[in-house]
Amino acid sequence: MRRAAYAAAAGACAAGAARLAYSAMSRRPPGGLKAWSRTNHRGEPVTLLEGPAVAAGAIAGVLAQGVQAGLAGSPGGRRAAAMILAGAGAAAFGAYDDLAGSGDRRGFRGHLGALRHGEVTTGAVKLGGIGAAGIISAALAGGSPADVILNAGLVAGGANLLNLFDLRPGRAIKVAVASGALLGAAGRDGVAAPLGAALALLPEDLGERAMLGDAGANALGAMLGASAAGLSRPARIALLAGIAGLTAASEKVSFTKVIARTPALNWLDMLGRRPVPQPPETEPPAPQPPLVTTAAQQPEPGE
């Protein structure tokens, strides 16, 4: 009962901190408004400031939950520190890719292909940085070498996978909420803070005024991955295998097309979103009068 109360308080704290951070950064965007402005799938401007605000709120919520647990004499300080490190590292490297990346190279194949030709992309730096943050976070959480490898994979894999869903309004947050709900049902109450922060800014995302970007999506995915460290080893192996499978599939299959073709997934994807504009219906051409050839239009013999 006490853990549930701590989780609820952490979620509320994270939500409030995320809204406060978003409001402050919107008034004075670090580096200027233009640096965070992007064009969405409709060709309309959105801001990436939602991402760092969600990351800041989630970290604040985890910190508050860790402090509450510590004051009550409950263990969990190492887990909270591991989640904070995972989220902060993923947010920092994600923000670097948001601000400095060109978007010319995408996915593991694109970034690794660039490395083979001697080009170090911002995406490759991000992947390496988040991988390192995952290893340090997993080592901080503790466990055997096998557990550290598994947990590092969950942090880095979760960060990358959730970012692959940040292509339409609200989609990445909906995936995060579904994943967090499953982890919460398995007793991982650390998910309350990242989910509280994400849900606080979901209206901005659905309203197509802002988006998570790499900073927000990577941070959310990393923190959810870190929260899974307390699951049993078989459960973590299965979870990591699922993350790896979906990541590999994304190199060949468009998640957006699969979602659009699946009625249940499409309904969930469109829930709360602005309607997709339909192309205007074209009227059938008016019937043309029969062509009448006059004598003056007849070809001359021999033409």
# chains A, B, ... in the order shown; residues from 1 in each chain; ligands from 1
$ residues_around --residues "Gly89 (chain A)" --least-positions-apart "6" --cutoff "10 Å" --atoms "only C-alpha atoms" --output "VMD selection string"
chain A and resid 83 95 126 129 to 134 136 to 137 215 218 to 219 222
$ residues_around --residues "region 16-30 of chain A" --least-positions-apart "4" --cutoff "8 Å" --atoms "only C-alpha atoms" --output "count of residues only"
16
$ closest_atom_pairs --of "region 187-280 of chain A" --to "region 152-155 of chain A" --cutoff "12 Å" --atoms "only C-alpha atoms" --output "Markdown table"
| residue | atom | partner | partner_atom | distance |
| --- | --- | --- | --- | --- |
| A:Asn218 | CA | A:Val155 | CA | 9.3 |
| A:Ala219 | CA | A:Val155 | CA | 9.4 |
| A:Leu220 | CA | A:Val155 | CA | 9.8 |
| A:Gly221 | CA | A:Val155 | CA | 7.1 |
| A:Ala222 | CA | A:Val155 | CA | 4.4 |
| A:Met223 | CA | A:Val155 | CA | 6.8 |
| A:Leu224 | CA | A:Val155 | CA | 7.4 |
| A:Gly225 | CA | A:Val155 | CA | 4.4 |
| A:Ala226 | CA | A:Val155 | CA | 5.3 |
| A:Ser227 | CA | A:Val155 | CA | 8.7 |
| A:Ala228 | CA | A:Leu154 | CA | 7.6 |
| A:Ala229 | CA | A:Leu154 | CA | 8.0 |
| A:Gly230 | CA | A:Leu154 | CA | 11.5 |
| A:Leu231 | CA | A:Leu154 | CA | 11.3 |
| A:Arg233 | CA | A:Leu154 | CA | 11.8 |
| A:Ala235 | CA | A:Leu154 | CA | 11.4 |
| A:Arg236 | CA | A:Leu154 | CA | 7.9 |
| A:Ile237 | CA | A:Leu154 | CA | 9.2 |
| A:Ala238 | CA | A:Leu154 | CA | 10.6 |
| A:Leu239 | CA | A:Leu154 | CA | 7.9 |
| A:Leu240 | CA | A:Leu154 | CA | 5.9 |
| A:Ala241 | CA | A:Leu154 | CA | 9.6 |
| A:Gly242 | CA | A:Leu154 | CA | 10.3 |
| A:Ile243 | CA | A:Leu154 | CA | 8.0 |
| A:Ala244 | CA | A:Gly153 | CA | 9.2 |
$ select_by_dssp --residues "region 35-107 of chain A" --states "helix (DSSP H, G or I)" --output "number ranges by chain"
A: 35-36, 50-71, 77-100, 107
$ write_last_selection --atoms "N, CA and C atoms" --output "tab-separated table (two decimals), in the first residue's frame"
chain	number	residue	atom	x	y	z
A	35	ALA	N	15.82	26.68	-33.07
A	35	ALA	CA	16.60	25.45	-32.90
A	35	ALA	C	15.71	24.25	-32.58
A	36	TRP	N	14.57	24.48	-31.95
A	36	TRP	CA	13.68	23.39	-31.53
A	36	TRP	C	12.47	23.24	-32.44
A	50	GLU	N	8.94	19.52	-25.97
A	50	GLU	CA	8.22	18.52	-25.18
A	50	GLU	C	9.18	17.45	-24.66
A	51	GLY	N	10.17	17.07	-25.50
A	51	GLY	CA	11.08	16.00	-25.13
A	51	GLY	C	11.88	16.28	-23.87
A	52	PRO	N	12.68	17.36	-23.85
A	52	PRO	CA	13.44	17.62	-22.61
A	52	PRO	C	12.55	17.89	-21.41
A	53	ALA	N	11.34	18.45	-21.64
A	53	ALA	CA	10.43	18.69	-20.52
A	53	ALA	C	9.95	17.37	-19.92
A	54	VAL	N	9.60	16.41	-20.77
A	54	VAL	CA	9.18	15.09	-20.28
A	54	VAL	C	10.33	14.41	-19.55
A	55	ALA	N	11.54	14.49	-20.11
A	55	ALA	CA	12.69	13.86	-19.45
A	55	ALA	C	12.95	14.49	-18.08
A	56	ALA	N	12.89	15.82	-18.01
A	56	ALA	CA	13.12	16.50	-16.73
A	56	ALA	C	12.05	16.13	-15.71
A	57	GLY	N	10.80	16.07	-16.14
A	57	GLY	CA	9.72	15.70	-15.23
A	57	GLY	C	9.86	14.28	-14.73
A	58	ALA	N	10.21	13.36	-15.64
A	58	ALA	CA	10.36	11.95	-15.24
A	58	ALA	C	11.49	11.79	-14.24
A	59	ILE	N	12.61	12.48	-14.48
A	59	ILE	CA	13.74	12.38	-13.57
A	59	ILE	C	13.36	12.95	-12.20
A	60	ALA	N	12.65	14.07	-12.20
A	60	ALA	CA	12.21	14.66	-10.93
A	60	ALA	C	11.30	13.71	-10.17
A	61	GLY	N	10.40	13.03	-10.88
A	61	GLY	CA	9.50	12.09	-10.23
A	61	GLY	C	10.22	10.90	-9.64
A	62	VAL	N	11.19	10.34	-10.38
A	62	VAL	CA	11.97	9.21	-9.86
A	62	VAL	C	12.77	9.64	-8.64
A	63	LEU	N	13.34	10.84	-8.70
A	63	LEU	CA	14.11	11.35	-7.56
A	63	LEU	C	13.22	11.48	-6.33
A	64	ALA	N	12.02	12.03	-6.52
A	64	ALA	CA	11.08	12.18	-5.40
A	64	ALA	C	10.70	10.82	-4.83
A	65	GLN	N	10.47	9.85	-5.69
A	65	GLN	CA	10.11	8.51	-5.22
A	65	GLN	C	11.25	7.87	-4.45
A	66	GLY	N	12.49	8.07	-4.94
A	66	GLY	CA	13.64	7.53	-4.24
A	66	GLY	C	13.84	8.16	-2.87
A	67	VAL	N	13.61	9.47	-2.79
A	67	VAL	CA	13.75	10.17	-1.50
A	67	VAL	C	12.70	9.67	-0.52
A	68	GLN	N	11.45	9.50	-0.99
A	68	GLN	CA	10.39	9.00	-0.11
A	68	GLN	C	10.74	7.62	0.42
A	69	ALA	N	11.23	6.76	-0.49
A	69	ALA	CA	11.58	5.40	-0.06
A	69	ALA	C	12.73	5.42	0.92
A	70	GLY	N	13.71	6.30	0.69
A	70	GLY	CA	14.85	6.38	1.59
A	70	GLY	C	14.46	6.87	2.97
A	71	LEU	N	13.58	7.86	3.02
A	71	LEU	CA	13.14	8.38	4.31
A	71	LEU	C	12.35	7.34	5.10
A	77	GLY	N	17.18	2.88	-3.52
A	77	GLY	CA	17.98	4.02	-3.92
A	77	GLY	C	18.83	3.74	-5.14
A	78	ARG	N	19.40	2.52	-5.23
A	78	ARG	CA	20.22	2.16	-6.38
A	78	ARG	C	19.38	2.07	-7.64
A	79	ARG	N	18.18	1.52	-7.53
A	79	ARG	CA	17.30	1.43	-8.70
A	79	ARG	C	16.90	2.81	-9.19
A	80	ALA	N	16.59	3.71	-8.25
A	80	ALA	CA	16.23	5.08	-8.63
A	80	ALA	C	17.40	5.78	-9.31
A	81	ALA	N	18.60	5.60	-8.78
A	81	ALA	CA	19.78	6.22	-9.38
A	81	ALA	C	20.03	5.66	-10.77
A	82	ALA	N	19.81	4.36	-10.94
A	82	ALA	CA	20.02	3.74	-12.25
A	82	ALA	C	19.02	4.29	-13.27
A	83	MET	N	17.77	4.46	-12.86
A	83	MET	CA	16.76	5.01	-13.77
A	83	MET	C	17.08	6.45	-14.14
A	84	ILE	N	17.52	7.24	-13.16
A	84	ILE	CA	17.85	8.64	-13.43
A	84	ILE	C	19.01	8.73	-14.40
A	85	LEU	N	20.03	7.90	-14.19
A	85	LEU	CA	21.18	7.93	-15.08
A	85	LEU	C	20.78	7.51	-16.50
A	86	ALA	N	19.97	6.47	-16.60
A	86	ALA	CA	19.52	6.01	-17.92
A	86	ALA	C	18.72	7.11	-18.63
A	87	GLY	N	17.79	7.73	-17.91
A	87	GLY	CA	16.97	8.77	-18.52
A	87	GLY	C	17.76	10.00	-18.89
A	88	ALA	N	18.65	10.43	-18.01
A	88	ALA	CA	19.44	11.63	-18.27
A	88	ALA	C	20.39	11.41	-19.44
A	89	GLY	N	21.05	10.25	-19.48
A	89	GLY	CA	21.97	9.97	-20.58
A	89	GLY	C	21.25	9.89	-21.91
A	90	ALA	N	20.11	9.19	-21.94
A	90	ALA	CA	19.36	9.06	-23.18
A	90	ALA	C	18.82	10.41	-23.64
A	91	ALA	N	18.36	11.22	-22.70
A	91	ALA	CA	17.84	12.55	-23.05
A	91	ALA	C	18.94	13.44	-23.61
A	92	ALA	N	20.12	13.39	-23.00
A	92	ALA	CA	21.23	14.24	-23.43
A	92	ALA	C	21.69	13.88	-24.84
A	93	PHE	N	21.91	12.60	-25.10
A	93	PHE	CA	22.36	12.19	-26.43
A	93	PHE	C	21.23	12.33	-27.46
A	94	GLY	N	19.98	12.13	-27.02
A	94	GLY	CA	18.86	12.35	-27.93
A	94	GLY	C	18.73	13.80	-28.32
A	95	ALA	N	18.91	14.70	-27.36
A	95	ALA	CA	18.84	16.13	-27.66
A	95	ALA	C	19.97	16.54	-28.60
A	96	TYR	N	21.14	15.95	-28.41
A	96	TYR	CA	22.26	16.24	-29.32
A	96	TYR	C	21.88	15.86	-30.75
A	97	ASP	N	21.26	14.70	-30.93
A	97	ASP	CA	20.85	14.28	-32.28
A	97	ASP	C	19.73	15.16	-32.81
A	98	ASP	N	18.81	15.57	-31.92
A	98	ASP	CA	17.73	16.47	-32.33
A	98	ASP	C	18.27	17.78	-32.89
A	99	LEU	N	19.24	18.35	-32.20
A	99	LEU	CA	19.71	19.69	-32.54
A	99	LEU	C	20.80	19.70	-33.60
A	100	ALA	N	21.64	18.66	-33.62
A	100	ALA	CA	22.77	18.67	-34.54
A	100	ALA	C	22.61	17.71	-35.71
A	107	GLY	N	18.13	4.73	-38.82
A	107	GLY	CA	18.21	3.32	-38.46
A	107	GLY	C	19.63	2.83	-38.27
$ atom_distance --atom1 "CA of Trp267 (chain A)" --atom2 "CA of Phe165 (chain A)"
15.6 Å
$ closest_residue --among "A:Ile259, A:Leu212, A:Val120, A:Leu167" --to "Leu199 (chain A)" --atoms "only C-alpha atoms"
A:Leu212
$ residues_around --residues "Ala210 (chain A)" --least-positions-apart "3" --cutoff "6 Å" --atoms "only C-alpha atoms" --output "PyMOL selection string"
chain A and resi 46-48+50+204-205
$ closest_residue --among "A:Leu265, A:Ser144, A:Leu164, A:His41" --to "Asp214 (chain A)" --atoms "only C-alpha atoms"
A:Leu164
$ select_by_dssp --residues "region 1-84 of chain A" --states "strand (DSSP E or B)" --output "MDAnalysis selection string"
chainID A and resid 37:39 45:47
$ atom_distance --atom1 "CA of Gly272 (chain A)" --atom2 "CA of Lys174 (chain A)"
10.7 Å
$ closest_residue --among "A:Gly187, A:Glu208, A:Asp269, A:Pro145" --to "Val175 (chain A)" --atoms "only C-alpha atoms"
A:Asp269
$ closest_residue --among "A:Met211, A:Ala124, A:Ile173, A:Leu195" --to "Ser37 (chain A)" --atoms "only C-alpha atoms"
A:Met211
